[in-house]
Amino acid sequence: MLWLCGVALTAALTPSALSAQTESETQPFTEADYDANARQALERDAFPVLDNPATVMGRDVGAQIDANEMVIGIEVNGVARAYPIAVMGKHELANDELGDAAITVSW
Amino acid sequence: MYDRKVGDEVLSFGHEGVLYRRSFIMYDRQSESLWVHVSGEAIKGPRKGQRLKFLPSEVTTWNDWFTRHPMTSALVGEKVSGFMGTFSLRDRMNEFGLSIGQGREVSLLRFTMLKRVPVMQLTVAKQEVVAVFDPQAVRATAFSRRLGERLLNFETVLPETTKPTGDADETATVHAPAPLMGDSNTGSLWQRMTGHCIAGELVGEQLDAVSAVAWMGKRWKGFFPDGEIIGLPESGQ
């Protein structure tokens with residue numbers, strides 16, 4: 001019964017450090033492969049990329065995001081932000097700042 | 001998601017409009033180098049060979065995210081309709097999987113498989129990993145099974161259904177408990193989705209997360225043609 005005792009979301013949810021990115025990995029993408037296979041599908045910036053977009057606090061979201069709507073969630077140094085996929089689908093890319101970090105969000 | 005800071009410079013990105021291996025290319029406005037967004041590396045231009053630092057993110061429901069991050073902020077704005085607008089991992093679970101690992105040594109574990117085996121042990125890039133799934137939130141992540149010198153073996157622990165004690169005043173409202181798992185080494189109890197031990201000999205211990213991102217299987221195959229896919233796509237659920 002121990003696990004029913006309100007363990008739900010109270011314990012530490014600290015994001016653990018992601019395993020370090022190794023630099024020695026074989027690079028799967030090459031410029032030659034890119035030149036051979038990439039194709040201009042749209043004009044540059046046909047998707048209106050977001051720069052430091054307006055956000056609201058979660059408690060003020062109200063009906064702007066449905067409870068079951070899918071979001072991309074990011075937490076950097078304890079600062080969290082959610083990017084609804086339906087909004088990101090319009091822009092595909094966001095240059096944002098989260099706390100002290102400058103991040104890029106893509107969908 | 002990536003850190004936009006490279007050395008002392010903060011880059012900002014635009015959308016190149018180019019499709020490469022079924023995914024799009026971004027350019028940095030500072031040097032106009034071209035970057036593959038799924039790997040975070042510059043493939044062409046003055047910054048060729050440079051790599052952005054990967055930042056962990058997750059795809060989940062707003063409700064799940066907000067519950068776990070009550071101080072979160074959120075992007076609001078116009079939404080697309082159609083596939084993206086109605087996107088739900090719940091409805092399209094068959095098409096998605098959890099991509100575990102980085103670089104070339106990656107495996108895609110289909111959500112349909114995780115749905116059946118929500119705590120699954122596997123080896124990716126010689127690393128012993130436990131992949132976990134929360135069927136309610138349709139969310140998956142992965143942890144290393146190594147804790148110090150120990151290699152832990154995990155299995156699903158199903159929360160007991162609430163049994164009324166006979167006390168008529170006892171409230172019937174019970175919040176759905178967070179999904180759990182247990183290790184058979186010590187019998188300790190762990191929060192499945194956070195990798196945090198909440199009871200038993202290892203209480204307070206935390207598993208290390210490994211790089212794991214939800215991917216659409218079709219797109220993933222374009223990038224990792226030799227990558228291992230675990231589980232079969234299923235037509236029904």
# chains A, B, ... in the order shown; residues from 1 in each chain; ligands from 1

$ residues_around --residues "segment 132-134 of chain B" --least-positions-apart "3" --cutoff "8 Å" --atoms "only C-alpha atoms" --output "ChimeraX atom specification"
/B:114-115,118-120,137-142,179,192-193

$ interface_residues --of "chain A" --to "chain B" --cutoff "6 Å" --atoms "only C-alpha atoms" --output "PyMOL selection string"
chain A and resi 8+16+18-19+25+31+38-45+55-58+67-74+80-83+86-87+89-90+102-105

$ write_last_selection --atoms "C-alpha atoms" --output "PDB file, in the first residue's frame"
ATOM      1  CA  ALA A   8       2.188  10.697  -7.214  1.00  0.00           C
ATOM      2  CA  SER A  16      18.798  14.082 -14.172  1.00  0.00           C
ATOM      3  CA  LEU A  18      21.406  13.608 -19.718  1.00  0.00           C
ATOM      4  CA  SER A  19      24.155  11.287 -20.652  1.00  0.00           C
ATOM      5  CA  GLU A  25      30.555   9.513 -32.883  1.00  0.00           C
ATOM      6  CA  GLU A  31      27.960  17.679 -47.148  1.00  0.00           C
ATOM      7  CA  ALA A  38      18.528  17.781 -50.195  1.00  0.00           C
ATOM      8  CA  ARG A  39      15.741  19.480 -52.035  1.00  0.00           C
ATOM      9  CA  GLN A  40      14.332  22.981 -51.784  1.00  0.00           C
ATOM     10  CA  ALA A  41      10.759  22.233 -50.780  1.00  0.00           C
ATOM     11  CA  LEU A  42       9.733  25.735 -49.790  1.00  0.00           C
ATOM     12  CA  GLU A  43      11.166  29.219 -49.909  1.00  0.00           C
ATOM     13  CA  ARG A  44      13.504  30.135 -47.121  1.00  0.00           C
ATOM     14  CA  ASP A  45      11.519  31.262 -44.074  1.00  0.00           C
ATOM     15  CA  THR A  55       4.206  33.314 -23.319  1.00  0.00           C
ATOM     16  CA  VAL A  56       1.858  33.186 -20.364  1.00  0.00           C
ATOM     17  CA  MET A  57       2.194  31.502 -17.006  1.00  0.00           C
ATOM     18  CA  GLY A  58       0.673  28.045 -16.856  1.00  0.00           C
ATOM     19  CA  ALA A  67      -5.817  19.568 -20.972  1.00  0.00           C
ATOM     20  CA  ASN A  68      -5.156  16.720 -23.395  1.00  0.00           C
ATOM     21  CA  GLU A  69      -3.379  18.804 -25.986  1.00  0.00           C
ATOM     22  CA  MET A  70       0.142  17.634 -26.788  1.00  0.00           C
ATOM     23  CA  VAL A  71       2.962  19.954 -25.857  1.00  0.00           C
ATOM     24  CA  ILE A  72       6.731  19.899 -26.065  1.00  0.00           C
ATOM     25  CA  GLY A  73       7.948  20.465 -22.519  1.00  0.00           C
ATOM     26  CA  ILE A  74      11.396  21.795 -21.737  1.00  0.00           C
ATOM     27  CA  ALA A  80      10.001  25.187 -17.491  1.00  0.00           C
ATOM     28  CA  ARG A  81       8.074  26.067 -20.623  1.00  0.00           C
ATOM     29  CA  ALA A  82       5.529  24.248 -22.758  1.00  0.00           C
ATOM     30  CA  TYR A  83       5.200  24.646 -26.518  1.00  0.00           C
ATOM     31  CA  ALA A  86      -0.365  22.760 -32.761  1.00  0.00           C
ATOM     32  CA  VAL A  87       1.234  26.203 -32.391  1.00  0.00           C
ATOM     33  CA  GLY A  89       3.216  23.354 -36.390  1.00  0.00           C
ATOM     34  CA  LYS A  90       2.602  26.855 -37.710  1.00  0.00           C
ATOM     35  CA  ALA A 102      19.110  30.662 -25.178  1.00  0.00           C
ATOM     36  CA  ILE A 103      17.377  27.742 -26.812  1.00  0.00           C
ATOM     37  CA  THR A 104      15.978  26.664 -30.119  1.00  0.00           C
ATOM     38  CA  VAL A 105      12.783  24.667 -30.210  1.00  0.00           C
TER      39      VAL A 105
END

$ select_by_dssp --residues "segment 1-230 of chain B" --states "strand (DSSP E or B)" --output "PyMOL selection string"
chain B and resi 2-3+5-6+9-10+13-20+23-28+34-36+41-44+51+53-54+57-61+73-75+96-100+107-110+119-124+127-134+139-144+146-147+150-151+154-157+180-183+189-191+196-199+206+209+212-216+228-230

$ closest_residue --among "A:Ala54, A:Val61, A:Val79, A:Ala46" --to "Glu92 of chain A" --atoms "only C-alpha atoms"
A:Ala46

$ atom_distance --atom1 "atom CA of Arg145 of chain B" --atom2 "atom CA of Trp215 of chain B"
22.5 Å

$ atom_distance --atom1 "atom CA of Gly227 of chain B" --atom2 "atom CA of Leu108 of chain B"
7.4 Å

$ residues_around --residues "Glu128 of chain B" --least-positions-apart "3" --cutoff "10 Å" --atoms "only C-alpha atoms" --output "list in words"
Gln121, Leu122, Thr123, Val124, Ala125, Ala131, Phe143, Ser144, Arg145, Arg146, Leu151, Leu152 and Asn153 of chain B

$ residues_around --residues "Phe111 of chain B" --least-positions-apart "4" --cutoff "8 Å" --atoms "only C-alpha atoms" --output "number ranges by chain"
B: 93-98, 115, 140

$ select_by_dssp --residues "segment 45-88 of chain B" --states "alpha helix (DSSP H)" --output "PDB file with C-alpha atoms, in the first residue's frame"
ATOM      1  CA  TRP B  62      -0.507  19.863 -21.279  1.00  0.00           C
ATOM      2  CA  ASN B  63      -2.228  18.485 -18.194  1.00  0.00           C
ATOM      3  CA  ASP B  64       0.639  16.119 -17.430  1.00  0.00           C
ATOM      4  CA  TRP B  65       3.291  18.803 -17.971  1.00  0.00           C
ATOM      5  CA  PHE B  66       1.477  21.460 -15.929  1.00  0.00           C
ATOM      6  CA  THR B  67       0.852  19.052 -13.048  1.00  0.00           C
ATOM      7  CA  ARG B  68       4.531  18.260 -12.811  1.00  0.00           C
ATOM      8  CA  GLY B  82      -5.245  19.249 -39.892  1.00  0.00           C
ATOM      9  CA  PHE B  83      -2.675  16.705 -38.855  1.00  0.00           C
ATOM     10  CA  MET B  84      -0.554  19.003 -36.739  1.00  0.00           C
ATOM     11  CA  GLY B  85      -3.537  20.673 -35.149  1.00  0.00           C
TER      12      GLY B  85
END

$ atom_distance --atom1 "atom CA of Val213 of chain B" --atom2 "atom CA of Gln30 of chain B"
28.3 Å
